[in-house]
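Structure first, then comments.
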Amino acid sequence: QEDLAGLQSRLQRVKALAQLAQLPPVPAETGTELRSRLDRVRRLEQRIREKKAGSGATPGARPSGETGVAAPATEAGSEKVPAYQRFHTLAQDLPPGLTLPYKFKVLAEMFRSVDTIAGMLFNRAETITFAKVKQGVQDMMRKQFEERHVGQIKAVYPTSYKLRQEKNIPTFGSGMKKSDYQLTLEPVLEEEEKVNGRPHLSASRLLERRKEFHRNLVNIVKQHHKAFLAALSPPMVVPEEKLTRWHPRFKVDEVPDISPAELPRPPQEDRLTTAQEVLSTARGMLSPKMEKALANLALRTAEAGAGEPVVSKAPSPASTSSALKGVSQALLERIRAKEAQKLQALMTRDARQEERLAMLGRLPAMARVLRNVFVAEKKQALTMEVACARMADSYDERMAAGEMEKHLRLLAELLPDWVGIHAFRTDTYLKLDKGKDLGLVTERLTKLAKEAEGP
């Protein structure tokens, strides 16, 4: 009877749980609401896909940009070019071999600092004066920042700022009068770069401007490099889009400084006199030494304003003519043409080619180390992991296991009859033919490296 009572109590608990597990039916209106929400999500997903595809904004949809403000509607028949097309060149990184002179790098850092400070002031609707920017840049860089640097920035990137001379600007105890003229800067932005109807300098736009400034600096150096190549004997012509590094004899740090663009000056009645005017008005009142210093300053200012480009000089072939006396001119021309061909191949070599050439240059020494590893291990095959670890311990250049594996795979690609790579189950094995002459192996690798360098 006790067992029967226990079974009956269990049966009652099971029935109670079954009743609790029964869910109430979903009302019809709730199902309709869920379906409408699902339709809205699908429409929103379709709009996002269209926007990513660059097909233009769907009416009523908000763009997913940084500002979160809907772009202004365009007139019928005039399609606005998407931003990813207008700024696609900014996404292309310049080759690392196109280094800049140190003074250009400093100027690029100054532009970044100016843009950072100007962006904060501009987004707060404050007037950007040179005095505010100067103090901020000097605090950030610990370097002197003058108006000539603003002129250089304007010369490199003319559409970066609008420069004006304005007065009646609050000075807040800076020592200047409110009636004094001050140099002001205003960033030049696109029409659609607005937040709440006002232009806004966003972080992504600051990055684009920085890249554009760096690109312009590289283009200036390219012009001097082009003039250097044209002055060589024989002259060389390298397409700018294929240039990945400068000519070995081109001295980047000797590229002349950038001549500043003309900055706006206050009206004549408020303008400070120049060094030449001081010299003309104060002649006879100063000591001869001071007059000479002012004359030199006026001369340098006039020369800088002339704006004549100074290009890097190429070595003159006449200086080597005495050393090559008696050598056939035809032979010299052939040698120079071959050298120019090698240099052109060097200057247009991309990063992947450069990496492969560096790997090829290491292979002869690596081949000797690899054979010693197999001899020491006394095995016909080694796992790739063990081979890379032994190679990394024995090779004189420190290298990660992943990089070492790349070199071993390149060895197997070039010399499949000497090195073999075999995948077995979950492991990869390296097999070496220890019977081959190591001298012939290194000779073949050296020859392949020279062929890869070009003619």
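Labeling convention for the structure tokens: chains A, B, ... as they appear, residues from 1 per chain, ligands from 1 in order of appearance.
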Tell me which protein, DNA and RNA residues are within 9 Å of Ile117 (chain A), counting only C-alpha atoms, leaving out same-chain ones fewer than 2 positions away, and put them as a JSON list (two decimals) with C-alpha atoms, in the first residue's frame.
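Printed below is part.json as written:
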[["chain", "number", "residue", "atom", "x", "y", "z"],
["A", 112, "ARG", "CA", 49.22, 67.45, -37.69],
["A", 113, "SER", "CA", 49.51, 69.58, -34.55],
["A", 114, "VAL", "CA", 47.96, 72.63, -36.25],
["A", 115, "ASP", "CA", 45.08, 70.51, -37.54],
["A", 119, "GLY", "CA", 39.89, 71.18, -35.20],
["A", 120, "MET", "CA", 39.11, 71.59, -31.50],
["A", 121, "LEU", "CA", 38.69, 75.36, -31.80],
["A", 122, "PHE", "CA", 36.71, 75.13, -35.03],
["A", 128, "ILE", "CA", 41.30, 80.25, -34.80],
["A", 132, "LYS", "CA", 46.40, 80.30, -30.18],
["A", 133, "VAL", "CA", 47.76, 77.81, -32.70],
["A", 136, "GLY", "CA", 49.48, 74.95, -28.79],
["A", 137, "VAL", "CA", 51.93, 73.66, -31.41]]
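Residue nearest Pro416 (chain A) within the list A:Met399, A:Val441, A:Val150, A:Leu217: A:Val441 [criterion: smallest interatomic distance, only C-alpha atoms].
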Of A:Glu241, A:Asp39, A:Glu354, A:Glu186, the one nearest to Phe130 (chain A) when counting only C-alpha atoms is A:Glu186
Please return, as a list in words, all residues of region 118-167 of chain A that DSSP assigns to helix (DSSP H, G or I) on the basis of the backbone.
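Filtering region 118-167 of chain A to helix (DSSP H, G or I) leaves Ala118, Gly119, Met120, Leu121, Phe122, Asn123, Phe130, Ala131, Lys132, Val133, Lys134, Gln135, Gly136, Val137, Gln138, Asp139, Met140, Met141, Glu147, Arg148, His149, Val150, Gly151, Gln152, Ile153, Lys154, Ala155 and Val156 of chain A.
Picture a line from CA of Gln144 (chain A) to CA of Tyr102 (chain A); it runs 15.5 Å.
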- Task: Tell me which protein, DNA and RNA residues are within 10 Å of Phe111 (chain A), counting only C-alpha atoms, leaving out same-chain ones fewer than 2 positions away, and put them as a ChimeraX atom specification.
- Result: /A:105-109,113-117,137,149-150,152-154,157,160,209-210,213-214
Could you name the residues that touch Arg444 (chain A) at 12 Å or less, counting only C-alpha atoms, but leaving out those on the same chain fewer than 4 positions away, as a list in words?
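So, after excluding close chain neighbours, the residues are Leu360, Gly361, Leu363, Pro364, Ala367, Leu411, Leu414, Leu415, Trp418, Asp437, Leu438, Gly439, Leu440, Leu448, Ala449, Lys450 and Glu451 of chain A.
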Generate a file of the selected residues that holds C-alpha atoms, formatted as a PDB file, in the first residue's frame.
ATOM      1  CA  LEU A 360      66.714  34.549 -51.527  1.00  0.00           C
ATOM      2  CA  GLY A 361      69.835  36.252 -50.181  1.00  0.00           C
ATOM      3  CA  LEU A 363      68.974  30.874 -48.506  1.00  0.00           C
ATOM      4  CA  PRO A 364      72.619  29.858 -49.219  1.00  0.00           C
ATOM      5  CA  ALA A 367      70.956  25.629 -46.721  1.00  0.00           C
ATOM      6  CA  LEU A 411      63.835  26.275 -50.377  1.00  0.00           C
ATOM      7  CA  LEU A 414      63.320  26.291 -55.621  1.00  0.00           C
ATOM      8  CA  LEU A 415      65.067  22.960 -54.975  1.00  0.00           C
ATOM      9  CA  TRP A 418      66.880  18.498 -52.417  1.00  0.00           C
ATOM     10  CA  ASP A 437      76.777  18.125 -52.856  1.00  0.00           C
ATOM     11  CA  LEU A 438      76.197  21.156 -50.620  1.00  0.00           C
ATOM     12  CA  GLY A 439      78.518  23.290 -52.762  1.00  0.00           C
ATOM     13  CA  LEU A 440      76.342  22.736 -55.840  1.00  0.00           C
ATOM     14  CA  LEU A 448      68.823  32.167 -58.513  1.00  0.00           C
ATOM     15  CA  ALA A 449      69.244  35.181 -56.210  1.00  0.00           C
ATOM     16  CA  LYS A 450      71.278  37.060 -58.857  1.00  0.00           C
ATOM     17  CA  GLU A 451      68.757  36.262 -61.577  1.00  0.00           C
TER      18      GLU A 451
END
CA of Leu263 (chain A) sits from CA of Glu193 (chain A) at a separation of 26.4 Å
With a distance cut-off of 12 Å and only C-alpha atoms, select the neighbouring residues of Gly420 (chain A), excluding the residue or stretch itself and same-chain residues fewer than 4 positions from it, and output the selection as an MDAnalysis selection string.
chainID A and resid 380:384 408:416 428:434
